[in-house]
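Worksheet: one structure, shown below.
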Amino acid sequence: MARETEEHAAGLPPRRSLRRRLARWYVEAEAARYVLSASVVLAAMLLIPDLLNNMLLTAALLLAGVALLPEYLRKHL
Amino acid sequence: MSWTAHDFEPYALQKHLGGRVTMLPLYIGSLGPDMFTKWYVYGISLFGVEIKADDPALFHRGWPGAGFTHTPLFAIVVALLVYAVSRHGVWAFSLGLGLFAHAVTDILDTNGTMLLFPFSTDRVSLGAWAYAAEEGKHLDGFAYYSSLGLVADLAALVLALVSWRVLQRAYFEQHVLPNDPVMKLAGRVLPPSGLLVIYRFGFVFGVTRLLGWLVFAHVIHTNAFDFSWGGPSWVTPFR
């Protein structure tokens with residue numbers, strides 16, 4: 001109860017909010033993170049075909065989606 | 001040339017060679033010869049000026065040109081140089097093996113590679129699919145993903161999938177991380193999951209661009225499949 005009050009005071013959403021549950025799922029589901037991030041890369045490549053074969057775009061989006069965003073969410077869950 | 005086959009091959013090599021190789025230099029070697037040459041082969045436009053090789057096929061694989069990057073000799077020289085500088089045998093061997101694998105895989109198209117360079121500048125070619133890089137990146141991709149090149153990429157994907165154990169986190173932590181000083185260095189700025197992304201990058205990149213090209217060439221555009229030797233017949237190949 002005290003923890004929830006602290007979180008409420010810190011401006012975090014209620015523990016059972018959809019946003020929090022989604023964030024927790026995203027942090028825990030590693031395979032889904034890869035699939036989602038790769039899908040974003042694929043969508044970008046198809047929207048802008050000159051990005052097909054673009055390693056930098058893929059590396060940046062994969063690092064952000066699979067590693068850095070979950071680290072951020074883990075710290076703020 | 002081969003496309004995503006170069007992304008998948010390192011995982012099969014990692015599976016078979018275990019601790020004697022490490023992924024990062026293997027992958028850099030596997031893609032390296034094209035990383036530094038393809039932009040000039042396809043050409044770029046800079047402030048309205050097009051910068052492109054006069055003879056893309058010769059520049060890419062021949063001599064004079066940058067074709068020496070697609071030769072076993074180049075793989076050996078680079079491996080020796082890296083070893084001389086770093087004294088890290090696994091890194092040097094992995095980089096050389098990646099470069100060697102690239103040179104050998106590229107004999108499958110109609111352009112081929114100078115396997116016997118510098119003793120001979122003749123290009124060894126099996127001619128399984130048309131080399132069409134001089135037609136530009138998009139037409140090159142359309143031709144490749146309509147020909148036996150697609151079959152080669154799918155075969156390389158199967159090889160990588162058969163090697164699925166090396167893609168696991170446990171394998172990475174037990175066999176790759178302790179062997180690779182560059183990964184350890186990267187660990188100072190990236191979380192462990194970030195290092196794993198770097199390790200798995202080639203596989204994910206390969207799958208993504210394989211799917212991307214297939215959709216781009218056969219769903220968004222219409223290009224006829226032609227799995228005949230040296231195809232597709234609708235593109236003028238370099239021979």
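Please note that chains go A, B, ... in the order of the structure tokens, that every chain numbers its residues from 1, and that ligands are numbered from 1 in the order shown.
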query = What are the residues of chain B that have an atom within 7 Å of an atom of chain A, counting only C-alpha atoms, as a count of residues only?
reply = 8
request  = Report as a list in words: the residues of chain B with a DSSP assignment of strand (DSSP E or B), based on the backbone of this structure.
outcome  = Ile44, Ser45, Leu46, Val49, Glu50, Ile51, Asp109, Thr113, Val124, Trp129 and Gly231 of chain B
ask   = Any idea what's packed within 9 Å of Leu81 (chain B), counting only C-alpha atoms, ignoring anything in its chain fewer than 5 positions away? Could you give it as a VMD selection string?
value = chain B and resid 76 86 92
Polymer residues at most 10 Å from region 144-158 of chain B, only C-alpha atoms, same-chain spacing of 2 or more positions, as a PyMOL selection string = chain B and resi 1-12+105+108-109+128-133+138-142+160-164+203+206-207+210+213-218+223-233+235
Long-range neighbours of Leu17 (chain B) as a PDB file with N, CA, C and O atoms, in the first residue's frame, 12 Å cut-off, only C-alpha atoms, 6 positions minimum in chain:
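Everything below was put into selection_37.pdb:
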```
ATOM      1  N   PRO B  10      27.651 -16.702 -41.240  1.00  0.00           N
ATOM      2  CA  PRO B  10      28.447 -16.685 -40.004  1.00  0.00           C
ATOM      3  C   PRO B  10      27.866 -17.549 -38.882  1.00  0.00           C
ATOM      4  O   PRO B  10      28.629 -18.107 -38.091  1.00  0.00           O
ATOM      5  N   TYR B  11      26.543 -17.717 -38.828  1.00  0.00           N
ATOM      6  CA  TYR B  11      25.949 -18.512 -37.748  1.00  0.00           C
ATOM      7  C   TYR B  11      26.235 -20.005 -37.957  1.00  0.00           C
ATOM      8  O   TYR B  11      26.458 -20.742 -36.994  1.00  0.00           O
ATOM      9  N   MET B  23      31.597 -14.027 -33.453  1.00  0.00           N
ATOM     10  CA  MET B  23      30.627 -13.540 -34.432  1.00  0.00           C
ATOM     11  C   MET B  23      30.944 -12.169 -35.040  1.00  0.00           C
ATOM     12  O   MET B  23      30.829 -11.978 -36.246  1.00  0.00           O
ATOM     13  N   LEU B  26      33.560 -12.180 -37.697  1.00  0.00           N
ATOM     14  CA  LEU B  26      33.066 -13.098 -38.734  1.00  0.00           C
ATOM     15  C   LEU B  26      32.032 -12.382 -39.601  1.00  0.00           C
ATOM     16  O   LEU B  26      32.055 -12.456 -40.834  1.00  0.00           O
ATOM     17  N   VAL B  90      41.774 -15.409 -32.442  1.00  0.00           N
ATOM     18  CA  VAL B  90      40.380 -15.720 -32.760  1.00  0.00           C
ATOM     19  C   VAL B  90      39.760 -14.599 -33.596  1.00  0.00           C
ATOM     20  O   VAL B  90      39.062 -14.859 -34.586  1.00  0.00           O
ATOM     21  N   PHE B  93      41.439 -14.676 -37.171  1.00  0.00           N
ATOM     22  CA  PHE B  93      40.972 -15.827 -37.945  1.00  0.00           C
ATOM     23  C   PHE B  93      39.520 -15.638 -38.378  1.00  0.00           C
ATOM     24  O   PHE B  93      39.155 -15.921 -39.525  1.00  0.00           O
ATOM     25  N   SER B  94      38.684 -15.131 -37.451  1.00  0.00           N
ATOM     26  CA  SER B  94      37.259 -14.952 -37.759  1.00  0.00           C
ATOM     27  C   SER B  94      37.056 -13.937 -38.890  1.00  0.00           C
ATOM     28  O   SER B  94      36.252 -14.153 -39.800  1.00  0.00           O
ATOM     29  N   LEU B  97      38.192 -15.499 -42.115  1.00  0.00           N
ATOM     30  CA  LEU B  97      37.259 -16.534 -42.563  1.00  0.00           C
ATOM     31  C   LEU B  97      36.000 -15.900 -43.168  1.00  0.00           C
ATOM     32  O   LEU B  97      35.483 -16.378 -44.185  1.00  0.00           O
ATOM     33  N   SER B 163      21.357 -24.071 -37.158  1.00  0.00           N
ATOM     34  CA  SER B 163      22.355 -23.695 -36.147  1.00  0.00           C
ATOM     35  C   SER B 163      21.717 -22.877 -35.019  1.00  0.00           C
ATOM     36  O   SER B 163      22.384 -22.059 -34.385  1.00  0.00           O
ATOM     37  N   VAL B 166      23.266 -21.628 -31.547  1.00  0.00           N
ATOM     38  CA  VAL B 166      24.234 -20.530 -31.383  1.00  0.00           C
ATOM     39  C   VAL B 166      23.532 -19.182 -31.235  1.00  0.00           C
ATOM     40  O   VAL B 166      24.165 -18.202 -30.847  1.00  0.00           O
ATOM     41  N   HIS B 175      30.029 -19.000 -24.675  1.00  0.00           N
ATOM     42  CA  HIS B 175      31.052 -19.239 -25.698  1.00  0.00           C
ATOM     43  C   HIS B 175      31.526 -17.990 -26.442  1.00  0.00           C
ATOM     44  O   HIS B 175      32.637 -17.982 -26.965  1.00  0.00           O
ATOM     45  N   VAL B 176      30.668 -16.985 -26.561  1.00  0.00           N
ATOM     46  CA  VAL B 176      31.033 -15.833 -27.390  1.00  0.00           C
ATOM     47  C   VAL B 176      31.610 -14.693 -26.546  1.00  0.00           C
ATOM     48  O   VAL B 176      32.702 -14.199 -26.822  1.00  0.00           O
TER      49      VAL B 176
END
```
ask   = Could you work out how far CA of Gly89 (chain B) lies from CA of Phe117 (chain B), giving the answer in Å with one decimal?
value = 24.6 Å
